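One file, data.txt, carrying compact mmCIF, C-alpha atoms and all ligand atoms:
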```txt
# COMPACT_ATOMS: atom_id res chain seq x y z
CA MET A 275 -19.08 58.94 -45.80
CA LEU A 276 -16.46 57.03 -43.78
CA THR A 277 -15.67 53.32 -44.04
CA ILE A 278 -14.23 52.13 -40.75
CA PHE A 279 -15.66 48.69 -39.93
CA ASP A 280 -13.07 46.10 -40.93
CA GLU A 281 -10.98 43.43 -39.24
CA GLU A 282 -8.47 45.98 -38.02
CA PHE A 283 -11.31 47.92 -36.38
CA ALA A 284 -12.56 44.77 -34.62
CA ARG A 285 -9.07 44.13 -33.19
CA GLU A 286 -8.10 47.67 -32.32
CA PRO A 287 -10.97 50.17 -32.67
CA TRP A 288 -9.52 52.71 -30.22
CA PRO A 289 -7.35 54.89 -32.51
CA VAL A 290 -10.17 55.24 -35.06
CA LEU A 291 -12.74 56.00 -32.38
CA ALA A 292 -10.43 58.58 -30.76
CA GLN A 293 -10.10 60.31 -34.13
CA LEU A 294 -13.88 60.33 -34.65
CA ARG A 295 -14.48 61.69 -31.13
CA ALA A 296 -11.94 64.46 -31.66
CA ASP A 297 -13.32 65.33 -35.08
CA GLY A 298 -16.84 66.44 -34.08
CA GLY A 299 -18.03 63.22 -32.47
CA MET A 300 -20.74 62.36 -35.02
CA HIS A 301 -20.17 61.03 -38.52
CA ARG A 302 -21.94 59.42 -41.43
CA VAL A 303 -20.38 55.96 -41.82
CA ALA A 304 -20.85 53.03 -44.17
CA THR A 305 -22.05 49.92 -42.34
CA PRO A 306 -20.53 46.59 -43.44
CA ASP A 307 -23.61 45.76 -45.52
CA GLY A 308 -23.34 49.10 -47.30
CA PRO A 309 -26.14 51.42 -46.12
CA PRO A 310 -25.06 54.51 -44.18
CA ALA A 311 -25.86 55.55 -40.62
CA TRP A 312 -24.85 58.19 -38.10
CA LEU A 313 -22.15 56.98 -35.73
CA VAL A 314 -22.11 58.76 -32.35
CA THR A 315 -18.87 58.54 -30.38
CA ARG A 316 -18.57 61.08 -27.53
CA PHE A 317 -19.65 59.95 -24.06
CA ASP A 318 -22.11 62.82 -23.53
CA GLN A 319 -23.66 62.36 -26.96
CA VAL A 320 -24.01 58.59 -26.57
CA ARG A 321 -25.45 58.91 -23.06
CA GLY A 322 -27.84 61.60 -24.32
CA GLY A 323 -28.88 59.36 -27.22
CA LEU A 324 -29.66 56.41 -24.96
CA LEU A 325 -31.98 58.66 -22.92
CA ASP A 326 -33.52 60.55 -25.86
CA GLU A 327 -37.13 59.58 -26.61
CA ARG A 328 -36.84 61.05 -30.11
CA LEU A 329 -34.57 58.12 -30.98
CA SER A 330 -36.62 54.91 -31.13
CA THR A 331 -35.57 51.27 -31.35
CA ASN A 332 -38.76 50.59 -33.28
CA LEU A 333 -38.09 49.76 -36.92
CA ARG A 334 -41.39 51.34 -37.95
CA PHE A 335 -39.74 54.76 -37.65
CA ALA A 336 -37.02 53.86 -40.18
CA GLN A 337 -37.31 55.69 -43.50
CA GLY A 338 -35.11 56.01 -46.56
CA ASP A 339 -31.98 54.05 -47.38
CA ASP A 340 -30.16 54.13 -44.04
CA TYR A 341 -28.96 50.96 -42.33
CA ARG A 342 -31.83 49.15 -40.60
CA GLY A 343 -29.88 46.55 -38.73
CA PHE A 344 -30.27 42.86 -38.33
CA ALA A 345 -34.07 42.83 -38.17
CA VAL A 346 -34.94 40.20 -35.59
CA PRO A 347 -38.32 38.80 -36.68
CA ALA A 348 -41.39 39.02 -34.45
CA PRO A 349 -41.87 37.92 -31.74
CA LEU A 350 -38.13 37.95 -30.94
CA ASP A 351 -38.04 41.74 -31.40
CA VAL A 352 -40.43 42.34 -28.51
CA PHE A 353 -37.94 44.47 -26.53
CA GLN A 354 -37.37 46.75 -29.52
CA SER A 355 -40.86 47.12 -30.90
CA SER A 356 -43.30 47.17 -27.97
CA ASP A 357 -45.08 50.39 -27.04
CA ALA A 358 -43.58 52.26 -24.09
CA GLU A 359 -46.12 51.03 -21.53
CA ASP A 360 -45.97 47.36 -22.57
CA HIS A 361 -42.21 47.59 -22.75
CA ALA A 362 -41.91 49.00 -19.21
CA ARG A 363 -44.25 46.28 -17.88
CA LEU A 364 -42.29 43.59 -19.69
CA ARG A 365 -39.03 44.87 -18.20
CA ARG A 366 -40.45 44.95 -14.66
CA THR A 367 -41.63 41.35 -14.91
CA VAL A 368 -38.37 40.13 -16.40
CA VAL A 369 -36.14 41.93 -13.91
CA ALA A 370 -38.20 40.52 -11.02
CA ALA A 371 -38.04 36.97 -12.42
CA LEU A 372 -34.28 37.20 -13.00
CA ARG A 373 -33.44 38.77 -9.64
CA PRO A 374 -31.49 36.26 -7.55
CA ARG A 375 -33.41 35.22 -4.45
CA ARG A 376 -30.23 34.74 -2.46
CA ALA A 377 -26.76 35.99 -3.25
CA GLU A 378 -25.55 32.45 -3.98
CA GLU A 379 -28.39 31.52 -6.28
CA TRP A 380 -26.33 31.98 -9.44
CA ALA A 381 -22.87 31.75 -7.97
CA GLU A 382 -23.05 28.23 -6.48
CA PRO A 383 -24.33 26.25 -9.47
CA ALA A 384 -22.24 28.26 -11.93
CA GLY A 385 -19.11 27.63 -9.83
CA ASP A 386 -19.71 23.86 -9.56
CA LEU A 387 -20.34 23.60 -13.20
CA VAL A 388 -17.35 25.61 -14.34
CA ARG A 389 -15.10 23.46 -12.11
CA ARG A 390 -16.42 20.30 -13.77
CA CYS A 391 -16.00 21.69 -17.29
CA LEU A 392 -12.48 22.92 -16.69
CA ALA A 393 -11.41 19.59 -15.20
CA ALA A 394 -11.98 18.11 -18.65
CA VAL A 395 -9.38 20.39 -20.31
CA PRO A 396 -6.11 18.52 -19.69
CA ALA A 397 -3.66 20.14 -22.13
CA ASP A 398 -0.95 22.55 -21.05
CA GLU A 399 -1.20 24.74 -24.12
CA PHE A 400 -4.43 25.18 -26.04
CA ASP A 401 -6.73 27.60 -27.81
CA PHE A 402 -8.72 29.14 -24.98
CA VAL A 403 -11.59 30.20 -27.28
CA GLU A 404 -12.03 26.68 -28.66
CA ARG A 405 -11.56 24.74 -25.43
CA VAL A 406 -13.14 27.06 -22.84
CA ALA A 407 -14.80 30.29 -23.99
CA VAL A 408 -17.07 28.73 -26.63
CA PRO A 409 -18.14 25.48 -24.90
CA LEU A 410 -18.44 26.85 -21.37
CA PRO A 411 -21.50 29.11 -21.79
CA ALA A 412 -23.53 26.16 -23.18
CA ALA A 413 -22.92 24.29 -19.93
CA VAL A 414 -23.46 27.30 -17.67
CA LEU A 415 -26.56 28.58 -19.44
CA GLY A 416 -27.90 25.06 -19.84
CA ASP A 417 -27.61 24.45 -16.14
CA LEU A 418 -28.78 27.83 -14.89
CA LEU A 419 -31.79 27.78 -17.18
CA GLY A 420 -32.44 24.06 -16.81
CA LEU A 421 -32.28 23.16 -20.52
CA ALA A 422 -32.97 19.63 -21.75
CA ASP A 423 -30.02 17.70 -23.21
CA ALA A 424 -31.23 18.17 -26.78
CA GLU A 425 -31.31 21.97 -26.39
CA ARG A 426 -27.88 22.03 -24.73
CA GLU A 427 -26.40 20.12 -27.64
CA ALA A 428 -28.16 22.29 -30.19
CA LEU A 429 -26.94 25.40 -28.38
CA LEU A 430 -23.36 24.15 -28.39
CA GLY A 431 -23.69 23.28 -32.08
CA TRP A 432 -24.93 26.81 -32.77
CA ALA A 433 -22.02 28.31 -30.82
CA ASN A 434 -19.43 26.14 -32.54
CA SER A 435 -20.73 27.10 -35.94
CA THR A 436 -21.14 30.80 -35.13
CA LEU A 437 -18.22 31.76 -32.91
CA ARG A 438 -15.38 29.66 -34.31
CA PRO A 439 -13.14 30.58 -37.25
CA ASP A 440 -14.22 27.73 -39.54
CA GLY A 441 -17.91 28.62 -39.43
CA ALA A 442 -18.84 32.15 -38.36
CA PRO A 443 -22.06 32.69 -40.33
CA ARG A 444 -23.83 35.94 -39.50
CA ALA A 445 -26.50 35.81 -36.82
CA ARG A 446 -29.27 36.33 -39.36
CA ASP A 447 -28.23 33.13 -41.15
CA THR A 448 -28.83 31.09 -38.03
CA LEU A 449 -32.31 32.39 -37.18
CA THR A 450 -34.02 29.10 -37.97
CA THR A 451 -31.65 27.23 -35.67
CA MET A 452 -32.21 29.81 -32.94
CA ALA A 453 -36.01 29.65 -33.30
CA GLY A 454 -35.86 25.84 -33.02
CA ILE A 455 -33.80 25.97 -29.82
CA ILE A 456 -36.15 28.58 -28.30
CA ALA A 457 -39.23 26.47 -29.15
CA GLY A 458 -37.62 23.35 -27.65
CA THR A 459 -36.65 25.27 -24.53
CA LEU A 460 -40.17 26.60 -24.02
CA GLU A 461 -41.61 23.14 -24.50
CA HIS A 462 -39.24 21.67 -21.93
CA ALA A 463 -39.84 24.59 -19.55
CA ARG A 464 -43.51 23.66 -19.18
CA GLY A 465 -42.39 20.67 -17.13
CA ALA A 466 -39.72 22.64 -15.22
CA GLY A 467 -39.96 23.18 -11.47
CA ALA A 468 -41.32 26.51 -10.24
CA ASP A 469 -37.97 27.21 -8.61
CA THR A 470 -35.93 27.22 -11.83
CA VAL A 471 -35.38 30.38 -13.85
CA LEU A 472 -37.52 29.07 -16.69
CA GLY A 473 -40.21 27.91 -14.25
CA ARG A 474 -40.28 31.36 -12.69
CA LEU A 475 -40.50 33.08 -16.05
CA LEU A 476 -43.33 30.78 -17.09
CA ALA A 477 -45.13 31.41 -13.80
CA ALA A 478 -44.82 35.13 -14.51
CA GLY A 479 -46.36 34.35 -17.90
CA ARG A 480 -49.43 32.78 -16.33
CA ASP A 481 -50.12 35.95 -14.46
CA ASP A 482 -52.46 38.44 -16.20
CA ALA A 483 -49.83 41.16 -16.22
CA GLY A 484 -47.10 38.68 -17.03
CA LEU A 485 -45.30 37.44 -20.14
CA ASP A 486 -46.99 35.89 -23.14
CA SER A 487 -45.19 33.26 -25.17
CA GLY A 488 -43.91 35.83 -27.69
CA GLN A 489 -42.36 37.88 -24.89
CA LEU A 490 -40.83 34.76 -23.38
CA SER A 491 -39.34 33.87 -26.76
CA GLY A 492 -37.95 37.40 -27.08
CA LEU A 493 -36.31 37.10 -23.67
CA LEU A 494 -34.92 33.65 -24.42
CA PHE A 495 -33.34 35.10 -27.54
CA TYR A 496 -31.25 37.33 -25.25
CA LEU A 497 -30.70 34.74 -22.53
CA LEU A 498 -29.53 32.06 -24.92
CA PHE A 499 -27.85 33.77 -27.85
CA VAL A 500 -26.94 37.34 -27.04
CA TRP A 501 -25.63 36.35 -23.61
CA TYR A 502 -23.79 33.38 -25.06
CA GLU A 503 -21.83 35.46 -27.48
CA VAL A 504 -21.05 38.29 -25.07
CA LEU A 505 -20.06 35.92 -22.27
CA ALA A 506 -17.64 34.09 -24.57
CA ASP A 507 -16.21 37.43 -25.76
CA LEU A 508 -15.92 38.86 -22.28
CA VAL A 509 -14.21 35.81 -20.78
CA SER A 510 -11.60 35.42 -23.51
CA GLY A 511 -11.04 39.18 -23.60
CA ALA A 512 -10.51 39.08 -19.83
CA VAL A 513 -7.80 36.42 -20.20
CA LEU A 514 -6.03 38.59 -22.75
CA THR A 515 -6.27 41.64 -20.45
CA PHE A 516 -5.20 39.74 -17.32
CA SER A 517 -2.20 38.31 -19.20
CA GLN A 518 -0.86 41.85 -19.45
CA ARG A 519 -1.98 42.84 -15.92
CA PRO A 520 -1.83 39.65 -13.80
CA THR A 521 -2.82 41.29 -10.48
CA LEU A 522 -6.32 42.05 -11.76
CA ALA A 523 -7.48 38.42 -11.59
CA ALA A 524 -6.92 38.43 -7.83
CA GLU A 525 -9.25 41.42 -7.49
CA LEU A 526 -12.29 39.57 -8.84
CA GLY A 527 -14.92 39.83 -6.13
CA PRO A 528 -18.64 39.60 -5.47
CA ASP A 529 -19.14 43.36 -5.91
CA GLY A 530 -18.59 42.82 -9.66
CA ALA A 531 -16.27 45.86 -9.93
CA VAL A 532 -13.70 44.00 -12.05
CA VAL A 533 -16.37 42.71 -14.40
CA ASP A 534 -17.85 46.18 -14.76
CA GLU A 535 -14.43 47.53 -15.60
CA LEU A 536 -13.86 44.72 -18.11
CA VAL A 537 -17.18 45.60 -19.74
CA ARG A 538 -16.06 49.23 -19.97
CA HIS A 539 -12.51 48.52 -21.08
CA GLN A 540 -13.32 45.78 -23.56
CA SER A 541 -16.82 46.93 -24.55
CA PRO A 542 -17.85 43.55 -26.01
CA GLN A 543 -21.04 45.17 -27.26
CA VAL A 544 -19.58 47.88 -29.47
CA LEU A 545 -22.87 49.50 -30.51
CA ALA A 546 -26.31 49.83 -28.97
CA GLY A 547 -29.11 48.51 -31.15
CA PRO A 548 -29.95 50.90 -34.01
CA ARG A 549 -32.09 53.93 -33.15
CA PHE A 550 -34.35 55.65 -35.68
CA ALA A 551 -35.10 59.38 -35.51
CA VAL A 552 -38.86 59.77 -34.97
CA THR A 553 -38.69 63.40 -36.16
CA ASP A 554 -36.15 65.84 -37.62
CA LEU A 555 -33.85 66.76 -34.76
CA ASP A 556 -30.73 68.62 -33.74
CA PHE A 557 -28.50 66.13 -32.06
CA GLY A 558 -24.92 66.59 -30.89
CA GLY A 559 -24.70 69.73 -33.05
CA TYR A 560 -25.84 67.90 -36.21
CA ARG A 561 -29.14 67.82 -38.09
CA VAL A 562 -30.59 64.31 -38.14
CA ARG A 563 -33.57 63.76 -40.45
CA ALA A 564 -36.66 61.79 -39.45
CA GLY A 565 -36.16 58.12 -40.26
CA GLU A 566 -32.35 58.24 -40.32
CA THR A 567 -30.43 55.65 -38.33
CA VAL A 568 -28.29 56.56 -35.35
CA LEU A 569 -25.69 54.10 -34.03
CA LEU A 570 -24.66 54.93 -30.48
CA CYS A 571 -21.12 53.65 -30.06
CA LEU A 572 -20.85 52.33 -26.51
CA ALA A 573 -17.19 51.38 -27.01
CA ALA A 574 -16.27 54.93 -28.08
CA ALA A 575 -18.14 56.44 -25.11
CA ASN A 576 -16.46 54.00 -22.72
CA HIS A 577 -13.03 55.16 -23.86
CA ASP A 578 -13.77 58.88 -23.91
CA PRO A 579 -10.96 60.58 -21.94
CA GLU A 580 -13.32 63.46 -21.16
CA ARG A 581 -15.21 61.00 -18.95
CA PHE A 582 -12.68 58.30 -17.99
CA ALA A 583 -9.15 59.23 -16.96
CA ARG A 584 -6.62 56.98 -18.75
CA PRO A 585 -9.40 55.00 -20.46
CA GLU A 586 -6.98 52.47 -21.98
CA GLU A 587 -6.03 51.30 -18.48
CA PRO A 588 -8.37 48.71 -16.86
CA ASP A 589 -8.81 49.97 -13.31
CA PRO A 590 -11.57 48.43 -11.16
CA ARG A 591 -11.09 51.15 -8.56
CA ARG A 592 -12.40 53.92 -10.74
CA GLY A 593 -15.62 54.94 -9.16
CA PRO A 594 -18.36 55.47 -9.76
CA ASN A 595 -17.90 53.51 -12.98
CA SER A 596 -20.46 55.18 -15.20
CA HIS A 597 -19.67 53.07 -18.28
CA LEU A 598 -22.36 52.49 -20.91
CA GLY A 599 -21.34 48.91 -21.78
CA LEU A 600 -24.66 47.58 -20.48
CA GLY A 601 -26.70 50.43 -21.92
CA LEU A 602 -28.73 53.01 -19.99
CA GLY A 603 -32.31 54.19 -19.68
CA ALA A 604 -35.42 52.54 -21.06
CA HIS A 605 -33.51 49.81 -22.92
CA ALA A 606 -30.67 49.19 -20.43
CA CYS A 607 -29.63 45.56 -20.08
CA VAL A 608 -32.07 43.58 -17.90
CA GLY A 609 -29.40 40.93 -17.35
CA THR A 610 -26.98 43.18 -15.44
CA ALA A 611 -27.17 41.26 -12.12
CA LEU A 612 -26.64 37.98 -13.96
CA VAL A 613 -23.76 39.36 -15.97
CA ARG A 614 -21.86 40.58 -12.91
CA THR A 615 -22.37 37.44 -10.82
CA VAL A 616 -21.90 34.77 -13.45
CA THR A 617 -18.90 36.38 -15.19
CA THR A 618 -17.17 36.91 -11.83
CA VAL A 619 -17.69 33.28 -10.82
CA VAL A 620 -16.63 31.92 -14.22
CA LEU A 621 -13.39 33.94 -14.16
CA GLN A 622 -12.69 33.11 -10.50
CA GLN A 623 -13.00 29.39 -11.26
CA ILE A 624 -10.81 29.66 -14.35
CA TYR A 625 -8.01 31.32 -12.34
CA ALA A 626 -8.46 28.94 -9.40
CA ARG A 627 -7.82 26.04 -11.77
CA TRP A 628 -5.01 27.75 -13.71
CA PRO A 629 -3.38 30.48 -11.60
CA GLY A 630 -0.62 30.82 -14.20
CA LEU A 631 -2.98 31.12 -17.19
CA ARG A 632 -1.64 33.51 -19.79
CA ALA A 633 -1.96 34.26 -23.48
CA THR A 634 1.08 33.25 -25.49
CA ALA A 635 0.48 35.90 -28.18
CA THR A 636 -0.17 39.60 -27.73
CA THR A 637 -1.80 39.93 -31.14
CA VAL A 638 -4.69 37.58 -31.87
CA PRO A 639 -7.33 37.55 -34.63
CA TRP A 640 -10.64 39.14 -33.64
CA ARG A 641 -14.07 38.28 -34.93
CA SER A 642 -14.86 41.11 -37.28
CA GLY A 643 -18.52 41.39 -36.32
CA PHE A 644 -19.45 45.01 -36.20
CA ARG A 645 -21.73 45.10 -33.18
CA HIS A 646 -19.77 42.72 -30.93
CA ARG A 647 -16.07 42.15 -30.44
CA GLY A 648 -14.08 39.24 -29.07
CA PRO A 649 -10.97 37.18 -29.87
CA LEU A 650 -11.51 34.54 -32.54
CA THR A 651 -8.66 32.41 -31.23
CA LEU A 652 -6.52 32.83 -28.11
CA PRO A 653 -3.51 30.56 -27.67
CA VAL A 654 -2.74 30.13 -23.94
CA LYS A 655 -0.35 28.32 -21.62
CA VAL A 656 -1.47 27.28 -18.14
CA SER A 657 1.86 26.68 -16.43
C1 LIG A 701 -21.81 40.59 -20.69
C2 LIG A 701 -23.04 40.34 -21.04
C3 LIG A 701 -23.98 41.40 -21.58
C4 LIG A 701 -23.73 42.61 -22.15
C5 LIG A 701 -22.37 43.29 -22.42
C6 LIG A 701 -25.01 43.19 -22.48
C7 LIG A 701 -25.18 44.44 -23.04
C8 LIG A 701 -26.42 45.02 -23.30
C9 LIG A 701 -26.60 46.36 -23.80
C10 LIG A 701 -25.47 47.34 -24.17
C11 LIG A 701 -27.92 46.58 -23.94
C12 LIG A 701 -28.60 47.86 -24.41
C13 LIG A 701 -28.87 47.80 -25.88
C14 LIG A 701 -29.48 49.06 -26.43
O1 LIG A 701 -29.64 50.10 -25.75
O2 LIG A 701 -29.78 49.04 -27.62
C15 LIG A 701 -28.59 45.36 -23.52
C16 LIG A 701 -29.95 45.17 -23.56
C17 LIG A 701 -30.55 44.00 -23.18
N1 LIG A 701 -29.98 42.91 -22.57
FE1 LIG A 701 -28.01 42.66 -22.23
N2 LIG A 701 -26.02 42.31 -22.11
C18 LIG A 701 -25.44 41.21 -21.55
C19 LIG A 701 -26.08 40.12 -21.01
C20 LIG A 701 -27.43 39.97 -20.94
C21 LIG A 701 -28.12 38.89 -20.26
C22 LIG A 701 -27.48 37.80 -19.41
C23 LIG A 701 -29.43 39.06 -20.48
C24 LIG A 701 -30.49 38.13 -19.97
C25 LIG A 701 -31.65 38.42 -19.59
C26 LIG A 701 -29.60 40.26 -21.27
C27 LIG A 701 -30.80 40.77 -21.70
C28 LIG A 701 -30.95 41.98 -22.32
C29 LIG A 701 -32.23 42.48 -22.80
C30 LIG A 701 -33.57 41.75 -22.73
C31 LIG A 701 -31.98 43.74 -23.34
C32 LIG A 701 -32.99 44.66 -24.01
C33 LIG A 701 -33.64 45.49 -22.99
C34 LIG A 701 -34.64 46.45 -23.60
O3 LIG A 701 -34.58 46.73 -24.79
O4 LIG A 701 -35.49 46.90 -22.83
N3 LIG A 701 -28.36 40.78 -21.53
N4 LIG A 701 -27.65 44.43 -23.11
```

Any chance you could put this one into structure tokens?
Amino acid sequence: MLTIFDEEFAREPWPVLAQLRADGGMHRVATPDGPPAWLVTRFDQVRGGLLDERLSTNLRFAQGDDYRGFAVPAPLDVFQSSDAEDHARLRRTVVAALRPRRAEEWAEPAGDLVRRCLAAVPADEFDFVERVAVPLPAAVLGDLLGLADAEREALLGWANSTLRPDGAPRARDTLTTMAGIIAGTLEHARGAGADTVLGRLLAAGRDDAGLDSGQLSGLLFYLLFVWYEVLADLVSGAVLTFSQRPTLAAELGPDGAVVDELVRHQSPQVLAGPRFAVTDLDFGGYRVRAGETVLLCLAAANHDPERFARPEEPDPRRGPNSHLGLGLGAHACVGTALVRTVTTVVLQQIYARWPGLRATATTVPWRSGFRHRGPLTLPVKVS
């Protein structure tokens, strides 16, 4: 069994992943908590796994001593544990409620807000993670979702304690805080206008085929916490990437091609959620037993040279960009439209305010979480 997940892996996973891809593609690895799992690294295998109905996200298929993941308690696990039909209905409702009504629906408010937040960062040299990447999502999400002040502050408190070097408890340790913020948000949302995102989601919930409060809570878990972390990771990772390739910032555009390529290149979500084999199966040339855990490594697939020419090079012109950084199939990310629009606008505003923004170190510490990756600190200079 291999042990690969350490701080070095979080900072620079590519050599290890290249070795694992070359050496058969699938391996038994030790997860940071100890229990083993299959790690799948080749593009075709990972893509196949995301589409394979014999691999379920539902924890009830887990058996034996394999890794079971960070078990999000009900009802927050609704996307993982619903039956196929309920799950498909839930996804349809959510995607419809999150679809922008006009192209500017997300871009305008996010742009205004980012400008205001950045105006309050006066220093010439600072830690970009501390001053921008961690606080900014609280403001952007708070505004886009229409959160009350108390929830915005609680969200920022959660982010400061989770994503900064001095705190960094594991997500499972902050579940009570997260549940409190979700409950407060739902309470506030009942008075929200029908034209806000929360109002629209609640209106969908009043419909017979719509969302119940458990499903809404499950969605808010993603909207508030998963998005928060990945947005912070993606934005600071982008600054590090653009520091080495300054022309890329100028290519940010409404088609989202740069953001898609950043998601591929950086792969802030390293692994898909754990899958459990519902039956004994032959997969990728290996025998996987019923109940064993399969970790589909999106980062490894996104850097597979069999699929992406010169994968280490961020190139928004590669097309079609078939990266797996937002998943694929039945559990693909429902926030894709939001991710492209909001990340593009956030980065455009950052570079409009600081055209000369660049990292002052090429090697920075990375958070050594095993499912997500992002710089822990990022010293920058703006002129
Ligand atoms: C850069 C930001 C984001 C990244 C990189 C990302 C990535 C992903 C990935 C890789 C998956 C598939 C997981 C799997 O197959 O196990 C996923 C699922 C999901 N994402 Fe995102 N996501 C992002 C932002 C968002 C946002 C803004 C939302 C807000 C609605 C969201 C909601 C979800 C939900 C609900 C699922 C589960 C879907 C299901 O199981 O049916 N994500 N995301």

For Glu404 of chain A, find every residue with an atom within 8 Å (counting only C-alpha atoms), except residues of its own chain fewer than 5 positions away, and show them as a count of residues only. 3

Write out as a PyMOL selection string the residues lying within 7 Å of segment 328-339 of chain A, counting all atoms listed in the file and excluding same-chain residues fewer than 5 positions away. chain A and resi 309+323+354-355+548-553+565-566

All residues within 7 Å of ligand LIG 701 (chain A) are required, counting all atoms listed in the file; please report them as number ranges by chain. A: 324, 353-354, 361, 365, 493, 496-497, 500-501, 504-505, 508, 537, 541-543, 546-548, 598-602, 604-610, 612-613

File of the preceding selection, C-alpha atoms, as a PDB file, in the frame of the given file:
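The resulting file, again-v8.pdb, is reproduced below:
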```pdb
ATOM      1  CA  LEU A 324     -29.660  56.410 -24.960  1.00  0.00           C
ATOM      2  CA  PHE A 353     -37.940  44.470 -26.530  1.00  0.00           C
ATOM      3  CA  GLN A 354     -37.370  46.750 -29.520  1.00  0.00           C
ATOM      4  CA  HIS A 361     -42.210  47.590 -22.750  1.00  0.00           C
ATOM      5  CA  ARG A 365     -39.030  44.870 -18.200  1.00  0.00           C
ATOM      6  CA  LEU A 493     -36.310  37.100 -23.670  1.00  0.00           C
ATOM      7  CA  TYR A 496     -31.250  37.330 -25.250  1.00  0.00           C
ATOM      8  CA  LEU A 497     -30.700  34.740 -22.530  1.00  0.00           C
ATOM      9  CA  VAL A 500     -26.940  37.340 -27.040  1.00  0.00           C
ATOM     10  CA  TRP A 501     -25.630  36.350 -23.610  1.00  0.00           C
ATOM     11  CA  VAL A 504     -21.050  38.290 -25.070  1.00  0.00           C
ATOM     12  CA  LEU A 505     -20.060  35.920 -22.270  1.00  0.00           C
ATOM     13  CA  LEU A 508     -15.920  38.860 -22.280  1.00  0.00           C
ATOM     14  CA  VAL A 537     -17.180  45.600 -19.740  1.00  0.00           C
ATOM     15  CA  SER A 541     -16.820  46.930 -24.550  1.00  0.00           C
ATOM     16  CA  PRO A 542     -17.850  43.550 -26.010  1.00  0.00           C
ATOM     17  CA  GLN A 543     -21.040  45.170 -27.260  1.00  0.00           C
ATOM     18  CA  ALA A 546     -26.310  49.830 -28.970  1.00  0.00           C
ATOM     19  CA  GLY A 547     -29.110  48.510 -31.150  1.00  0.00           C
ATOM     20  CA  PRO A 548     -29.950  50.900 -34.010  1.00  0.00           C
ATOM     21  CA  LEU A 598     -22.360  52.490 -20.910  1.00  0.00           C
ATOM     22  CA  GLY A 599     -21.340  48.910 -21.780  1.00  0.00           C
ATOM     23  CA  LEU A 600     -24.660  47.580 -20.480  1.00  0.00           C
ATOM     24  CA  GLY A 601     -26.700  50.430 -21.920  1.00  0.00           C
ATOM     25  CA  LEU A 602     -28.730  53.010 -19.990  1.00  0.00           C
ATOM     26  CA  ALA A 604     -35.420  52.540 -21.060  1.00  0.00           C
ATOM     27  CA  HIS A 605     -33.510  49.810 -22.920  1.00  0.00           C
ATOM     28  CA  ALA A 606     -30.670  49.190 -20.430  1.00  0.00           C
ATOM     29  CA  CYS A 607     -29.630  45.560 -20.080  1.00  0.00           C
ATOM     30  CA  VAL A 608     -32.070  43.580 -17.900  1.00  0.00           C
ATOM     31  CA  GLY A 609     -29.400  40.930 -17.350  1.00  0.00           C
ATOM     32  CA  THR A 610     -26.980  43.180 -15.440  1.00  0.00           C
ATOM     33  CA  LEU A 612     -26.640  37.980 -13.960  1.00  0.00           C
ATOM     34  CA  VAL A 613     -23.760  39.360 -15.970  1.00  0.00           C
TER      35      VAL A 613
END
```

For a cut-off of 12 Å around (-30.0, 21.6, -28.7), file coordinates, pick out all residues using all atoms listed in the file and list them as a PyMOL selection string. chain A and resi 412-413+416+421-433+451-459+462+498

List as a tab-separated table every residue of segment 478-523 of chain A that is in contact with segment 633-641 of chain A, defined as an atom at most 9 Å from one of its atoms (using only C-alpha atoms), together with the nearest atom pair and the distance in Å rounded to one decimal, sorted by chain and then rising number.
```
residue	atom	partner	partner_atom	distance
A:Val513	CA	A:Ala633	CA	7.0
A:Leu514	CA	A:Ala633	CA	6.0
A:Phe516	CA	A:Ala633	CA	8.9
A:Ser517	CA	A:Ala633	CA	5.9
A:Gln518	CA	A:Thr636	CA	8.6
```

With all atoms listed in the file as the basis for distance, which of A:Phe344, A:Leu449, A:Leu572, A:Arg627 is at the shortest distance from Ala394 of chain A? A:Arg627

Please determine, counting only C-alpha atoms, which residue among A:Thr436, A:Ser657, A:Thr617, A:Asn576 has the shortest atom-to-atom distance to Gly630 of chain A. A:Ser657

At what distance in Å, to one decimal, does atom CA of Val388 of chain A lie from atom CA of Pro520 of chain A?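 Going from atom CA of Pro520 of chain A over to atom CA of Val388 of chain A, I get 20.9 Å.
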
Provide the atom CA of Val619 of chain A to atom CA of Ala573 of chain A distance in Å, to one decimal place.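 Separating atom CA of Val619 of chain A from atom CA of Ala573 of chain A is a distance of 24.3 Å.
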
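Take the candidates A:Glu382, A:Leu410, A:Ala463, A:Gly530 and check each one against Ala477 of chain A using only C-alpha atoms; the shortest distance goes to A:Ala463.
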
Could you jot down the atom CA of Met300 of chain A to atom CA of Thr277 of chain A separation for me, Å, one decimal place?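 Atom CA of Thr277 of chain A lies 13.7 Å from atom CA of Met300 of chain A.
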
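In this comparison, which uses only C-alpha atoms, the residue of A:Gly593, A:Ser510, A:Asp326, A:Glu580 approaching Arg405 of chain A most closely is A:Ser510.
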
In terms of the shortest atom-to-atom distance over all atoms listed in the file, which of A:Leu650, A:Asp357, A:Asp401, A:Pro590 is closest to Leu631 of chain A?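 Of A:Leu650, A:Asp357, A:Asp401, A:Pro590, the one nearest Leu631 of chain A is A:Asp401, counting all atoms listed in the file.
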
Polymer residues at most 6 Å from segment 282-299 of chain A, all atoms listed in the file, same-chain spacing of 3 or more positions, as a list in words: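 Residues near the query, excluding close chain neighbours: Phe279, Thr315, Arg316, Ala574, Trp640 and Ser642 of chain A.
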
Output C-alpha atoms for every residue in the selection just made, as a compact mmCIF listing (two decimals), keeping the file's coordinate frame.
```txt
# COMPACT_ATOMS: atom_id res chain seq x y z
CA PHE A 279 -15.66 48.69 -39.93
CA THR A 315 -18.87 58.54 -30.38
CA ARG A 316 -18.57 61.08 -27.53
CA ALA A 574 -16.27 54.93 -28.08
CA TRP A 640 -10.64 39.14 -33.64
CA SER A 642 -14.86 41.11 -37.28
```
